[in-house]
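Colleague: So that you have it, the file is coords-v9.cif, and it contains mmCIF, C-alpha atoms:
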data_work
loop_
_atom_site.label_atom_id
_atom_site.label_comp_id
_atom_site.auth_asym_id
_atom_site.auth_seq_id
_atom_site.Cartn_x
_atom_site.Cartn_y
_atom_site.Cartn_z
CA MET U 1 -10.68 -16.68 6.81
CA ARG U 2 -11.52 -14.70 3.68
CA TYR U 3 -13.92 -15.02 0.81
CA ARG U 4 -14.71 -13.39 -2.51
CA LEU U 5 -18.25 -13.05 -3.80
CA TYR U 6 -19.09 -13.65 -7.46
CA GLY U 7 -22.65 -12.44 -7.07
CA SER U 8 -24.69 -10.20 -4.78
CA ILE U 9 -26.53 -11.64 -1.79
CA LEU U 10 -29.55 -9.46 -1.11
CA LYS U 11 -30.97 -11.27 1.90
CA GLY U 12 -27.90 -11.43 4.07
CA LEU U 13 -24.85 -13.61 4.42
CA LYS U 14 -23.93 -16.15 7.09
CA VAL U 15 -20.40 -17.51 7.15
CA GLU U 16 -19.45 -20.50 9.26
CA VAL U 17 -15.80 -21.30 9.90
CA LEU U 18 -15.38 -24.81 11.25
CA TYR U 19 -12.50 -26.96 12.40
CA ARG U 20 -13.42 -30.62 13.06
CA ASP U 21 -17.10 -29.61 13.16
CA SER U 22 -16.50 -26.93 15.83
CA HIS U 23 -16.86 -23.19 15.21
CA VAL U 24 -13.62 -21.21 15.08
CA ALA U 25 -13.34 -17.91 17.00
CA LYS U 26 -16.71 -16.08 16.89
CA SER U 27 -18.16 -18.11 14.02
CA PRO U 28 -20.82 -17.93 12.66
CA TYR U 29 -20.41 -14.42 11.27
CA THR U 30 -23.59 -12.77 10.01
CA LEU U 31 -24.08 -9.72 7.80
CA GLN U 32 -27.76 -8.91 7.57
CA GLY U 33 -27.41 -7.79 3.96
CA PRO U 34 -27.44 -6.98 1.25
CA VAL U 35 -23.84 -7.96 0.53
CA TYR U 36 -22.83 -6.72 -2.89
CA HIS U 37 -20.62 -8.10 -5.64
CA GLU U 38 -17.41 -6.06 -6.01
CA TYR U 39 -18.67 -4.51 -9.27
CA CYS U 40 -22.09 -3.60 -7.91
CA ASN U 41 -22.32 0.19 -8.02
CA CYS U 42 -24.25 0.91 -4.82
CA PRO U 43 -22.40 3.68 -2.94
CA GLU U 44 -23.38 4.57 0.62
CA HIS U 45 -24.46 8.24 0.72
CA ASP U 46 -24.26 8.49 4.50
CA VAL U 47 -20.50 8.89 4.86
CA PRO U 48 -20.34 8.67 8.69
CA THR U 49 -22.28 5.39 8.54
CA TRP U 50 -19.86 3.98 5.98
CA GLN U 51 -16.85 5.13 8.02
CA SER U 52 -18.34 3.53 11.13
CA ILE U 53 -18.95 0.21 9.37
CA MET U 54 -15.43 0.29 7.95
CA GLN U 55 -14.01 1.26 11.36
CA CYS U 56 -12.03 4.13 9.88
CA PRO U 57 -9.63 5.72 12.39
CA ALA U 58 -10.47 9.23 13.57
CA GLU U 59 -7.28 10.50 11.94
CA GLU U 60 -4.18 9.29 10.17
CA PRO U 61 -0.94 10.99 11.23
CA GLN U 62 0.61 10.83 7.76
CA ILE U 63 -2.43 12.51 6.17
CA GLN U 64 -2.37 15.29 8.76
CA ARG U 65 1.35 15.79 8.16
CA ASP U 66 1.01 15.81 4.37
CA PHE U 67 -1.71 18.47 4.35
CA ASN U 68 0.05 20.84 6.75
CA ALA U 69 1.70 22.51 3.75
CA PHE U 70 -1.67 23.03 2.04
CA PRO U 71 -4.14 24.98 4.22
CA SER U 72 -5.95 25.91 1.00
CA ILE U 73 -5.81 24.51 -2.54
CA ASP U 74 -6.29 26.88 -5.48
CA LEU U 75 -7.47 24.71 -8.37
CA GLN U 76 -6.91 27.47 -10.92
CA ARG U 77 -3.30 27.83 -9.88
CA LEU U 78 -2.83 24.06 -10.19
CA LEU U 79 -4.37 24.07 -13.66
CA GLN U 80 -1.79 26.60 -14.82
CA GLU U 81 1.26 25.43 -12.93
CA VAL U 82 1.16 21.64 -12.55
CA PRO U 83 1.20 20.63 -16.26
CA GLN U 84 3.94 23.17 -16.95
CA ARG U 85 6.18 22.00 -14.11
CA PHE U 86 5.60 18.27 -14.04
CA SER U 87 4.20 16.85 -17.28
CA ASN U 88 7.71 16.24 -18.62
CA ARG U 89 8.60 14.23 -15.51
CA GLY U 90 6.87 11.08 -16.73
CA GLY U 91 3.47 10.00 -15.49
CA LEU U 92 0.93 12.49 -14.16
CA ILE U 93 -2.84 11.99 -14.23
CA HIS U 94 -5.29 14.86 -13.75
CA TYR U 95 -8.50 13.59 -12.13
CA ALA U 96 -11.85 15.15 -11.37
CA VAL U 97 -14.52 13.37 -9.36
CA ILE U 98 -17.92 15.00 -9.93
CA ASN U 99 -21.25 13.50 -8.89
CA ASN U 100 -19.37 10.30 -8.01
CA GLN U 101 -18.16 9.94 -11.60
CA VAL U 102 -14.42 9.74 -12.29
CA TYR U 103 -12.90 11.78 -15.14
CA ARG U 104 -9.25 12.05 -16.13
CA ARG U 105 -6.66 13.25 -18.62
CA SER U 106 -3.11 11.98 -18.93
CA LEU U 107 -0.08 14.28 -18.81
CA GLY U 108 3.39 13.01 -19.73
CA LYS U 109 4.72 9.98 -21.60
CA TYR U 110 4.58 7.17 -19.05
CA THR U 111 1.03 6.96 -17.78
CA ASP U 112 0.16 3.25 -18.10
CA PHE U 113 0.09 2.86 -14.32
CA LYS U 114 -3.08 4.97 -14.29
CA MET U 115 -4.88 1.63 -14.42
CA PHE U 116 -4.07 1.21 -10.72
CA SER U 117 -5.37 4.62 -9.66
CA ASP U 118 -8.39 4.15 -11.95
CA GLU U 119 -9.37 0.84 -10.42
CA MET U 120 -9.09 2.04 -6.83
CA LEU U 121 -11.05 5.26 -7.41
CA LEU U 122 -13.78 3.33 -9.21
CA SER U 123 -13.91 0.68 -6.49
CA LEU U 124 -14.16 3.34 -3.80
CA ALA U 125 -16.89 5.18 -5.72
CA ARG U 126 -18.94 1.96 -5.85
CA LYS U 127 -18.87 1.77 -2.05
CA VAL U 128 -19.28 5.34 -0.81
CA ARG U 129 -20.30 8.70 -2.24
CA LEU U 130 -17.08 10.60 -2.93
CA PRO U 131 -16.72 14.36 -2.50
CA ASP U 132 -16.39 16.48 -5.63
CA VAL U 133 -12.64 16.89 -5.95
CA GLU U 134 -9.99 17.72 -8.58
CA PHE U 135 -6.39 16.56 -8.14
CA TYR U 136 -3.21 15.24 -9.77
CA ILE U 137 -1.74 11.77 -9.16
CA ASN U 138 1.87 10.95 -9.95
CA VAL U 139 1.97 7.38 -11.29
CA GLY U 140 5.76 7.25 -11.42
CA ASP U 141 8.16 6.13 -8.71
CA TRP U 142 9.75 9.35 -7.49
CA PRO U 143 7.82 11.97 -5.48
CA MET U 144 7.74 15.31 -7.31
CA GLU U 145 7.19 18.45 -5.25
CA THR U 146 10.52 19.73 -3.88
CA ARG U 147 9.38 23.20 -2.76
CA LYS U 148 9.06 23.88 0.95
CA ALA U 149 6.05 25.39 2.69
CA ASP U 150 7.82 28.76 3.20
CA ASP U 151 9.04 29.03 -0.40
CA ASP U 152 7.56 31.70 -2.68
CA PRO U 153 5.74 30.43 -4.60
CA GLY U 154 4.92 27.56 -2.28
CA PRO U 155 4.45 23.88 -3.05
CA VAL U 156 1.52 22.42 -4.97
CA PRO U 157 -0.30 19.27 -3.83
CA ILE U 158 0.80 16.33 -5.96
CA ILE U 159 -0.51 12.92 -4.84
CA SER U 160 2.05 10.10 -5.01
CA TRP U 161 2.51 6.52 -3.89
CA CYS U 162 5.83 7.19 -2.20
CA GLY U 163 7.01 10.12 -0.09
CA SER U 164 10.42 11.40 0.90
CA THR U 165 11.91 13.75 3.45
CA ASP U 166 12.95 16.07 0.59
CA THR U 167 9.51 16.41 -1.04
CA ARG U 168 6.00 17.58 -0.11
CA ASP U 169 3.83 15.09 -2.00
CA ILE U 170 0.60 13.81 -0.45
CA ILE U 171 0.90 10.05 -0.04
CA LEU U 172 -1.57 7.29 -0.87
CA PRO U 173 -1.09 3.55 -0.34
CA THR U 174 1.17 2.23 -3.10
CA TYR U 175 -0.27 0.85 -6.31
CA ASP U 176 1.16 -2.52 -5.29
CA ILE U 177 -0.76 -3.03 -2.04
CA THR U 178 -3.82 -1.31 -3.53
CA HIS U 179 -3.90 -3.74 -6.44
CA SER U 180 -3.20 -6.62 -4.07
CA THR U 181 -6.31 -5.68 -2.08
CA LEU U 182 -8.53 -5.38 -5.14
CA GLU U 183 -7.29 -8.61 -6.72
CA THR U 184 -7.38 -10.77 -3.59
CA MET U 185 -8.28 -14.36 -4.55
CA ARG U 186 -8.87 -13.47 -8.22
CA GLY U 187 -5.36 -13.98 -9.54
CA VAL U 188 -2.38 -16.16 -8.72
CA SER U 189 0.08 -13.47 -7.58
CA ASN U 190 1.02 -12.77 -3.99
CA ASP U 191 -1.33 -10.57 -2.02
CA LEU U 192 -1.32 -9.14 1.47
CA LEU U 193 -3.49 -11.92 2.87
CA SER U 194 -1.85 -14.89 1.15
CA VAL U 195 1.48 -13.88 2.68
CA GLN U 196 -0.01 -14.17 6.16
CA GLY U 197 -0.83 -17.82 5.54
CA ASN U 198 2.56 -18.71 4.10
CA THR U 199 5.12 -17.50 6.59
CA GLY U 200 7.38 -20.53 6.52
CA PRO U 201 8.38 -22.84 9.35
CA PRO U 202 8.05 -21.94 13.03
CA TRP U 203 10.66 -19.49 14.32
CA ALA U 204 12.80 -22.19 15.93
CA ASN U 205 13.04 -24.09 12.63
CA LYS U 206 13.99 -21.15 10.43
CA THR U 207 17.50 -20.82 9.03
CA GLU U 208 19.55 -18.40 11.14
CA GLN U 209 20.61 -16.19 8.24
CA ALA U 210 19.52 -12.89 6.80
CA PHE U 211 18.09 -13.16 3.30
CA PHE U 212 17.73 -10.88 0.26
CA ARG U 213 16.83 -11.30 -3.40
CA GLY U 214 16.07 -8.45 -5.78
CA ARG U 215 17.04 -6.33 -8.77
CA ASP U 216 20.11 -4.08 -8.94
CA SER U 217 17.98 -0.93 -8.57
CA ARG U 218 20.22 0.66 -5.91
CA GLU U 219 23.98 0.48 -5.40
CA GLU U 220 23.64 -0.56 -1.75
CA ARG U 221 22.10 -3.79 -3.02
CA LEU U 222 25.39 -4.57 -4.74
CA HIS U 223 27.21 -3.91 -1.49
CA LEU U 224 24.77 -6.31 0.16
CA VAL U 225 25.92 -9.08 -2.18
CA THR U 226 29.56 -8.29 -1.39
CA LEU U 227 28.79 -8.57 2.32
CA SER U 228 27.10 -11.89 1.64
CA LYS U 229 30.17 -13.28 -0.09
CA LYS U 230 32.30 -12.24 2.88
CA ASN U 231 29.85 -13.49 5.52
CA PRO U 232 27.99 -16.45 3.97
CA GLU U 233 27.17 -17.96 7.36
CA LEU U 234 25.18 -14.81 8.30
CA LEU U 235 23.81 -13.44 5.02
CA ASP U 236 22.42 -14.93 1.81
CA ALA U 237 21.97 -12.08 -0.69
CA GLY U 238 21.80 -12.15 -4.47
CA ILE U 239 20.80 -10.01 -7.46
CA THR U 240 18.16 -11.67 -9.65
CA GLY U 241 17.99 -9.10 -12.44
CA TRP U 242 20.62 -6.72 -13.82
CA PHE U 243 19.61 -3.44 -15.45
CA PHE U 244 21.23 -0.43 -13.73
CA PHE U 245 24.73 -1.82 -13.04
CA ARG U 246 25.17 -4.46 -15.71
CA GLU U 247 28.95 -4.11 -15.68
CA ARG U 248 28.96 -5.56 -12.14
CA GLU U 249 27.17 -8.80 -13.04
CA LYS U 250 30.40 -10.52 -14.00
CA ASP U 251 31.86 -9.89 -10.54
CA LEU U 252 28.79 -10.45 -8.39
CA GLY U 253 26.89 -13.05 -10.41
CA LYS U 254 23.19 -13.52 -11.00
CA ALA U 255 21.11 -15.39 -8.44
CA ASN U 256 18.21 -17.64 -9.27
CA LEU U 257 14.71 -16.40 -8.57
CA VAL U 258 13.23 -17.57 -5.28
CA GLY U 259 9.52 -17.83 -4.59
CA PHE U 260 8.48 -15.12 -2.17
CA PHE U 261 7.04 -17.51 0.39
CA ASP U 262 10.43 -19.24 0.53
CA PHE U 263 11.94 -16.01 1.88
CA PHE U 264 10.35 -16.86 5.22
CA LYS U 265 12.46 -19.98 5.63
CA TYR U 266 15.00 -17.49 7.00
CA LYS U 267 14.82 -15.74 10.36
CA TYR U 268 15.94 -12.33 9.11
CA GLN U 269 14.87 -10.32 6.05
CA VAL U 270 16.94 -7.43 4.68
CA ASN U 271 14.93 -4.54 3.23
CA VAL U 272 16.98 -2.19 1.05
CA ASP U 273 15.54 0.63 -1.07
CA GLY U 274 15.05 0.15 -4.79
CA THR U 275 14.62 3.25 -6.93
CA VAL U 276 12.54 4.58 -4.02
CA ALA U 277 11.11 2.75 -0.99
CA ALA U 278 11.10 -1.00 -1.58
CA TYR U 279 7.40 -1.82 -1.97
CA ARG U 280 8.02 -5.35 -0.67
CA PHE U 281 8.39 -3.92 2.86
CA PRO U 282 4.78 -4.52 4.01
CA TYR U 283 4.93 -8.07 2.64
CA LEU U 284 8.14 -8.77 4.56
CA MET U 285 6.60 -7.31 7.71
CA LEU U 286 3.60 -9.64 7.38
CA GLY U 287 5.82 -12.68 7.60
CA ASN U 288 7.14 -14.02 10.88
CA SER U 289 10.76 -13.09 10.24
CA LEU U 290 12.67 -10.14 11.71
CA VAL U 291 13.00 -7.30 9.19
CA LEU U 292 16.31 -5.42 9.04
CA LYS U 293 15.37 -2.16 7.29
CA GLN U 294 17.82 0.27 5.74
CA ILE U 295 17.42 3.83 7.02
CA SER U 296 15.82 5.72 4.16
CA PRO U 297 14.52 9.16 3.17
CA TYR U 298 11.64 7.37 1.40
CA TYR U 299 8.44 6.19 3.06
CA GLU U 300 5.05 4.66 2.40
CA HIS U 301 1.77 5.79 3.90
CA PHE U 302 1.89 3.60 7.03
CA TYR U 303 5.49 4.08 8.20
CA THR U 304 4.54 6.72 10.81
CA HIS U 305 2.93 3.94 12.89
CA LEU U 306 6.14 1.90 13.07
CA LYS U 307 9.06 2.26 15.48
CA PRO U 308 12.58 0.89 14.94
CA GLY U 309 13.58 -1.44 17.74
CA THR U 310 9.93 -2.23 18.40
CA HIS U 311 8.61 -3.42 15.03
CA TYR U 312 11.81 -3.86 12.98
CA ILE U 313 15.56 -3.19 13.24
CA HIS U 314 17.15 -0.12 11.64
CA VAL U 315 20.31 -0.56 9.60
CA LYS U 316 22.53 2.33 8.49
CA ARG U 317 22.07 3.65 4.96
CA SER U 318 25.55 2.37 4.05
CA LEU U 319 24.74 -1.08 5.54
CA SER U 320 27.99 -0.79 7.52
CA ASP U 321 26.34 -2.17 10.66
CA LEU U 322 24.26 -4.90 8.99
CA ILE U 323 26.50 -7.80 9.98
CA GLN U 324 26.63 -6.48 13.54
CA LYS U 325 22.80 -6.31 13.65
CA ILE U 326 22.48 -9.88 12.36
CA GLU U 327 24.92 -11.07 15.04
CA TRP U 328 22.88 -9.18 17.67
CA ALA U 329 19.70 -10.91 16.49
CA LYS U 330 21.34 -14.34 16.75
CA GLU U 331 22.60 -13.61 20.26
CA ASN U 332 19.23 -12.19 21.39
CA ASP U 333 16.88 -14.68 19.82
CA ALA U 334 13.87 -14.15 22.09
CA GLU U 335 13.98 -10.37 21.67
CA ALA U 336 14.40 -10.69 17.91
CA GLN U 337 11.36 -12.95 17.73
CA ALA U 338 9.32 -10.53 19.87
CA ILE U 339 10.16 -7.63 17.53
CA ALA U 340 9.21 -9.75 14.52
CA LYS U 341 5.85 -10.62 16.10
CA ALA U 342 5.12 -7.01 17.06
CA GLY U 343 5.90 -5.82 13.54
CA GLN U 344 3.73 -8.49 11.98
CA ALA U 345 0.81 -7.65 14.27
CA ILE U 346 0.78 -3.90 13.64
CA VAL U 347 1.21 -4.19 9.86
CA ARG U 348 -1.58 -6.79 9.70
CA GLU U 349 -3.85 -4.11 11.15
CA LEU U 350 -2.55 -1.21 9.05
CA VAL U 351 -2.93 -2.88 5.64
CA GLN U 352 -6.31 -4.53 6.14
CA PRO U 353 -8.56 -3.75 3.15
CA ASN U 354 -10.85 -1.55 5.24
CA ARG U 355 -7.89 0.60 6.35
CA LEU U 356 -6.75 1.14 2.76
CA TYR U 357 -10.23 2.21 1.63
CA CYS U 358 -10.50 4.52 4.64
CA TYR U 359 -7.12 6.05 3.86
CA TYR U 360 -8.01 6.81 0.25
CA PHE U 361 -11.32 8.34 1.27
CA SER U 362 -9.74 10.46 4.01
CA VAL U 363 -7.19 11.93 1.58
CA LEU U 364 -9.92 12.84 -0.92
CA GLN U 365 -12.13 14.26 1.81
CA MET U 366 -9.41 16.45 3.32
CA TYR U 367 -8.33 17.60 -0.13
CA SER U 368 -11.91 18.54 -1.04
CA GLU U 369 -12.34 20.55 2.16
CA ARG U 370 -9.36 22.72 1.23
CA GLN U 371 -10.34 23.48 -2.37
CA THR U 372 -11.12 27.16 -2.88
CA SER U 373 -13.27 26.63 -5.99
CA ARG U 374 -15.48 23.97 -7.53
CA PRO U 375 -13.86 21.04 -9.37
CA THR U 376 -14.30 21.06 -13.14
CA GLN U 377 -14.67 18.40 -15.79
CA HIS U 378 -12.30 19.92 -18.33
CA PRO U 379 -12.98 19.51 -22.08
CA ASP U 380 -10.04 17.14 -22.63
CA MET U 381 -11.02 14.85 -19.76
CA GLU U 382 -12.58 11.47 -20.44
CA LEU U 383 -14.99 9.52 -18.30
CA VAL U 384 -13.45 6.47 -16.61
CA PRO U 385 -16.39 4.03 -16.83
CA GLN U 386 -17.35 1.59 -14.14
CA PRO U 387 -16.68 -2.02 -15.24
CA SER U 388 -19.51 -3.85 -16.95
CA ASP U 389 -20.16 -7.29 -15.45
CA GLN U 390 -23.48 -9.03 -15.92
CA SER U 391 -23.03 -11.00 -12.71
CA ALA U 392 -22.84 -7.71 -10.82
CA LEU U 393 -26.33 -6.55 -11.81
CA CYS U 394 -28.11 -5.77 -8.60
CA SER U 395 -30.82 -3.72 -7.03
CA CYS U 396 -29.19 -1.26 -4.66
CA GLN U 397 -30.69 -1.44 -1.21
CA ARG U 398 -29.60 -0.15 2.15
CA GLU U 399 -25.99 -0.77 3.17
CA PRO U 400 -25.27 -3.85 5.30
CA GLN U 401 -26.26 -3.60 8.95
CA ILE U 402 -23.67 -5.39 11.01
CA ASP U 403 -24.55 -7.18 14.23
CA ASP U 404 -21.02 -6.79 15.59
CA PRO U 405 -18.80 -4.38 13.59
CA SER U 406 -15.66 -5.32 15.49
CA ARG U 407 -15.69 -8.83 14.02
CA ASN U 408 -16.88 -8.17 10.48
CA LYS U 409 -14.48 -5.58 9.09
CA ASP U 410 -12.37 -8.17 7.23
CA GLU U 411 -15.41 -9.57 5.43
CA LEU U 412 -16.24 -6.09 4.13
#
Take the structure from the file and write it as structure tokens.
Modeller:
Amino acid sequence: MRYRLYGSILKGLKVEVLYRDSHVAKSPYTLQGPVYHEYCNCPEHDVPTWQSIMQCPAEEPQIQRDFNAFPSIDLQRLLQEVPQRFSNRGGLIHYAVINNQVYRRSLGKYTDFKMFSDEMLLSLARKVRLPDVEFYINVGDWPMETRKADDDPGPVPIISWCGSTDTRDIILPTYDITHSTLETMRGVSNDLLSVQGNTGPPWANKTEQAFFRGRDSREERLHLVTLSKKNPELLDAGITGWFFFREREKDLGKANLVGFFDFFKYKYQVNVDGTVAAYRFPYLMLGNSLVLKQISPYYEHFYTHLKPGTHYIHVKRSLSDLIQKIEWAKENDAEAQAIAKAGQAIVRELVQPNRLYCYYFSVLQMYSERQTSRPTQHPDMELVPQPSDQSALCSCQREPQIDDPSRNKDEL
């Protein structure tokens, strides 16, 4: 069950979830209040209290790994070096958070995706007092910093949505799942929770084929279509949009678009990289199909929690063993289903809204602790204002006191 508030409730909130007049699970759920509208700017100043309510993990392995290369962060060095090295790479946004206000300047030509980093930083600042911090976010696809920790000069901390084994960027949850969290129930597009309620027929009634639809953003995807033509009884793969390899459309054809929820009519889902990691991966994992994932140098923030053979099936980069892996899944149906269920369960936990907020805050907190000087609002930075919404007007009171935190995290 999920809900979205369109006003603040100052005297507490009681939610009853009923099926045939009987309470479901631990219903009723009670938050003593106040419970604020999303745009109500009432940050919690007691950070440990907020982290406890949100059930933030004590540590995130990917964050620890990312910061190993940056025991200290010299903001003056970044100011001189980062624009010079990276502003011609596309989209780079220079942020400063000071007194819980967000300031930024844009570097490079392709910076429209700053709307996603803006909205998450503002949303987080409305919920908890952020540390004063100054940093750079890459709003393009490819991670940027290729220097190694023992290089001279060493790497600089660039924050990106996708990491790779060849780069040293600090990773945040992708713009896609971040926006999905913020827009839950407000729009009509897929989000991380709607997928969980639309996972197709029961396992036994799913079509015993592997399935793929997507753009031509990596050559292995073209090979996938060739494999499909040779093995139609095992694999249904098609390219829905041609841009990178248009000369191949005549040979391979163009497939019709398929609604995402219809993917889960099939027992097996093939996940192949696009320009970088395919950002559909968490959505595929949330279904109840077995994910066959191409081995990749690219990763998102939560991959360190997943194990091939336990949560999904690895497929070689070349896809040369894909057909063999599909045949294995068909011959070992119970084990394939168990892996699919285990993958779905762990990703459901890892991409809950509270975990994404915790992850963002932990990155900013660790970054701030390693700064060697005070963040600065530079003259060419502009304030990123909090949204103005009359329905969000509220009187900030104490943060919600939760009678049983273990059962209320999703409502927060």
Colleague: Carefully work through the PyMOL selection byres ((chain U and resi 61) around 10) for this structure and note down the residues it includes, as a PDB file with C-alpha atoms, in the frame of the given file.
Modeller:
ATOM      1  CA  ALA U  58     -10.470   9.230  13.570  1.00  0.00           C
ATOM      2  CA  GLU U  59      -7.280  10.500  11.940  1.00  0.00           C
ATOM      3  CA  GLU U  60      -4.180   9.290  10.170  1.00  0.00           C
ATOM      4  CA  GLN U  62       0.610  10.830   7.760  1.00  0.00           C
ATOM      5  CA  ILE U  63      -2.430  12.510   6.170  1.00  0.00           C
ATOM      6  CA  GLN U  64      -2.370  15.290   8.760  1.00  0.00           C
ATOM      7  CA  ARG U  65       1.350  15.790   8.160  1.00  0.00           C
ATOM      8  CA  ASP U  66       1.010  15.810   4.370  1.00  0.00           C
ATOM      9  CA  HIS U 301       1.770   5.790   3.900  1.00  0.00           C
ATOM     10  CA  PHE U 302       1.890   3.600   7.030  1.00  0.00           C
ATOM     11  CA  TYR U 303       5.490   4.080   8.200  1.00  0.00           C
ATOM     12  CA  THR U 304       4.540   6.720  10.810  1.00  0.00           C
ATOM     13  CA  HIS U 305       2.930   3.940  12.890  1.00  0.00           C
TER      14      HIS U 305
END
Colleague: Once the PyMOL selection byres ((chain U and resi 45-57) around 7) has been applied to the shown file, what residues remain in the selection, as a ChimeraX atom specification?
Modeller: /U:43-44,58-60,128-129,354-355,358,405,409
Colleague: Just C-alpha atoms for this one: save the residues we selected as a PDB file, in the coordinates of the input.
Modeller:
ATOM      1  CA  PRO U  43     -22.400   3.680  -2.940  1.00  0.00           C
ATOM      2  CA  GLU U  44     -23.380   4.570   0.620  1.00  0.00           C
ATOM      3  CA  ALA U  58     -10.470   9.230  13.570  1.00  0.00           C
ATOM      4  CA  GLU U  59      -7.280  10.500  11.940  1.00  0.00           C
ATOM      5  CA  GLU U  60      -4.180   9.290  10.170  1.00  0.00           C
ATOM      6  CA  VAL U 128     -19.280   5.340  -0.810  1.00  0.00           C
ATOM      7  CA  ARG U 129     -20.300   8.700  -2.240  1.00  0.00           C
ATOM      8  CA  ASN U 354     -10.850  -1.550   5.240  1.00  0.00           C
ATOM      9  CA  ARG U 355      -7.890   0.600   6.350  1.00  0.00           C
ATOM     10  CA  CYS U 358     -10.500   4.520   4.640  1.00  0.00           C
ATOM     11  CA  PRO U 405     -18.800  -4.380  13.590  1.00  0.00           C
ATOM     12  CA  LYS U 409     -14.480  -5.580   9.090  1.00  0.00           C
TER      13      LYS U 409
END
Colleague: Applying 12 Å and all atoms listed in the file, which residues near U:Glu119 remain after dropping the ones on its own chain fewer than 3 positions away? List them as an mmCIF file with C-alpha atoms, in the frame of the given file.
Modeller:
data_model
loop_
_atom_site.group_PDB
_atom_site.id
_atom_site.type_symbol
_atom_site.label_atom_id
_atom_site.label_comp_id
_atom_site.auth_asym_id
_atom_site.auth_seq_id
_atom_site.Cartn_x
_atom_site.Cartn_y
_atom_site.Cartn_z
ATOM 1 C CA GLU U 38 -17.410 -6.060 -6.010
ATOM 2 C CA TYR U 39 -18.670 -4.510 -9.270
ATOM 3 C CA VAL U 102 -14.420 9.740 -12.290
ATOM 4 C CA PHE U 113 0.090 2.860 -14.320
ATOM 5 C CA LYS U 114 -3.080 4.970 -14.290
ATOM 6 C CA MET U 115 -4.880 1.630 -14.420
ATOM 7 C CA PHE U 116 -4.070 1.210 -10.720
ATOM 8 C CA LEU U 122 -13.780 3.330 -9.210
ATOM 9 C CA SER U 123 -13.910 0.680 -6.490
ATOM 10 C CA LEU U 124 -14.160 3.340 -3.800
ATOM 11 C CA ALA U 125 -16.890 5.180 -5.720
ATOM 12 C CA ARG U 126 -18.940 1.960 -5.850
ATOM 13 C CA TYR U 175 -0.270 0.850 -6.310
ATOM 14 C CA THR U 178 -3.820 -1.310 -3.530
ATOM 15 C CA HIS U 179 -3.900 -3.740 -6.440
ATOM 16 C CA SER U 180 -3.200 -6.620 -4.070
ATOM 17 C CA THR U 181 -6.310 -5.680 -2.080
ATOM 18 C CA LEU U 182 -8.530 -5.380 -5.140
ATOM 19 C CA GLU U 183 -7.290 -8.610 -6.720
ATOM 20 C CA VAL U 384 -13.450 6.470 -16.610
ATOM 21 C CA PRO U 385 -16.390 4.030 -16.830
ATOM 22 C CA GLN U 386 -17.350 1.590 -14.140
ATOM 23 C CA PRO U 387 -16.680 -2.020 -15.240
#
Colleague: Go through U:Tyr367, U:Tyr6, U:Tyr298, U:Phe212 and flag the residue nearest U:Gly163, using all atoms listed in the file for the distances.
Modeller: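 Looking at the shortest contact to U:Gly163, the residue is U:Tyr298.
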Colleague: Could you give me, as a PyMOL selection string, the residues within 9 Å of U:Lys316, counting all atoms listed in the file and dropping anything in the same chain fewer than 2 positions from it?
Modeller: chain U and resi 293-296+314+318-322
Colleague: When the PyMOL selection byres ((chain U and resi 195) around 9) is applied to the file above, which residues end up in the set, as a VMD selection string?
Modeller: chain U and resid 190 to 194 196 to 199 260 to 261 283 to 284 286 to 287
Colleague: Using all atoms listed in the file, which protein or nucleic acid residues come within 10 Å of U:Pro232? Drop anything in the same chain fewer than 6 positions from it, and give the result as a list in words.
Modeller: Gln209, Ala210, Val225 and Thr226 of chain U
Colleague: Would you export the selected residues with C-alpha atoms as a PDB file, in the coordinates of the input, please?
Modeller:
ATOM      1  CA  GLN U 209      20.610 -16.190   8.240  1.00  0.00           C
ATOM      2  CA  ALA U 210      19.520 -12.890   6.800  1.00  0.00           C
ATOM      3  CA  VAL U 225      25.920  -9.080  -2.180  1.00  0.00           C
ATOM      4  CA  THR U 226      29.560  -8.290  -1.390  1.00  0.00           C
TER       5      THR U 226
END
Colleague: Extract, using all atoms listed in the file, all DNA, RNA and protein residues at most 9 Å from U:Arg221, discarding same-chain residues fewer than 6 positions from it, and format them as a short mmCIF file (atom, residue, chain, number, x, y, z; two decimals) with C-alpha atoms, in the coordinates of the input.
Modeller:
data_model
loop_
_atom_site.label_atom_id
_atom_site.label_comp_id
_atom_site.auth_asym_id
_atom_site.auth_seq_id
_atom_site.Cartn_x
_atom_site.Cartn_y
_atom_site.Cartn_z
CA PHE U 212 17.73 -10.88 0.26
CA GLY U 214 16.07 -8.45 -5.78
CA ARG U 215 17.04 -6.33 -8.77
CA ALA U 237 21.97 -12.08 -0.69
CA GLY U 238 21.80 -12.15 -4.47
CA ILE U 239 20.80 -10.01 -7.46
CA VAL U 272 16.98 -2.19 1.05
CA ASP U 273 15.54 0.63 -1.07
CA GLY U 274 15.05 0.15 -4.79
#
Colleague: Could you check how far atom CA of U:Asn288 sits from atom CA of U:Ile323, in Å to one decimal?
Modeller: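 Interatomic distance here is 20.4 Å.
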Colleague: Ranking U:Leu252, U:Ala334, U:Leu235, U:Leu92 by minimum distance to U:Tyr266 and counting only C-alpha atoms, which one comes first?
Modeller: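 The closest residue to U:Tyr266 is U:Leu235.
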Colleague: When you count all atoms listed in the file, which of these residues is closest to U:Asn205: U:Ser217, U:Ser373, U:Ser117, U:Ser289?
Modeller: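 Among the listed residues, the smallest separation from U:Asn205 belongs to U:Ser289.
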Colleague: Could you name the residues that touch U:Gln269 at 6 Å or less, counting all atoms listed in the file, but leaving out those on the same chain fewer than 3 positions away, as a list in words?
Modeller: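 Counting all atoms listed in the file, the residues come to Ala210, Phe211, Val291 and Leu292 of chain U.
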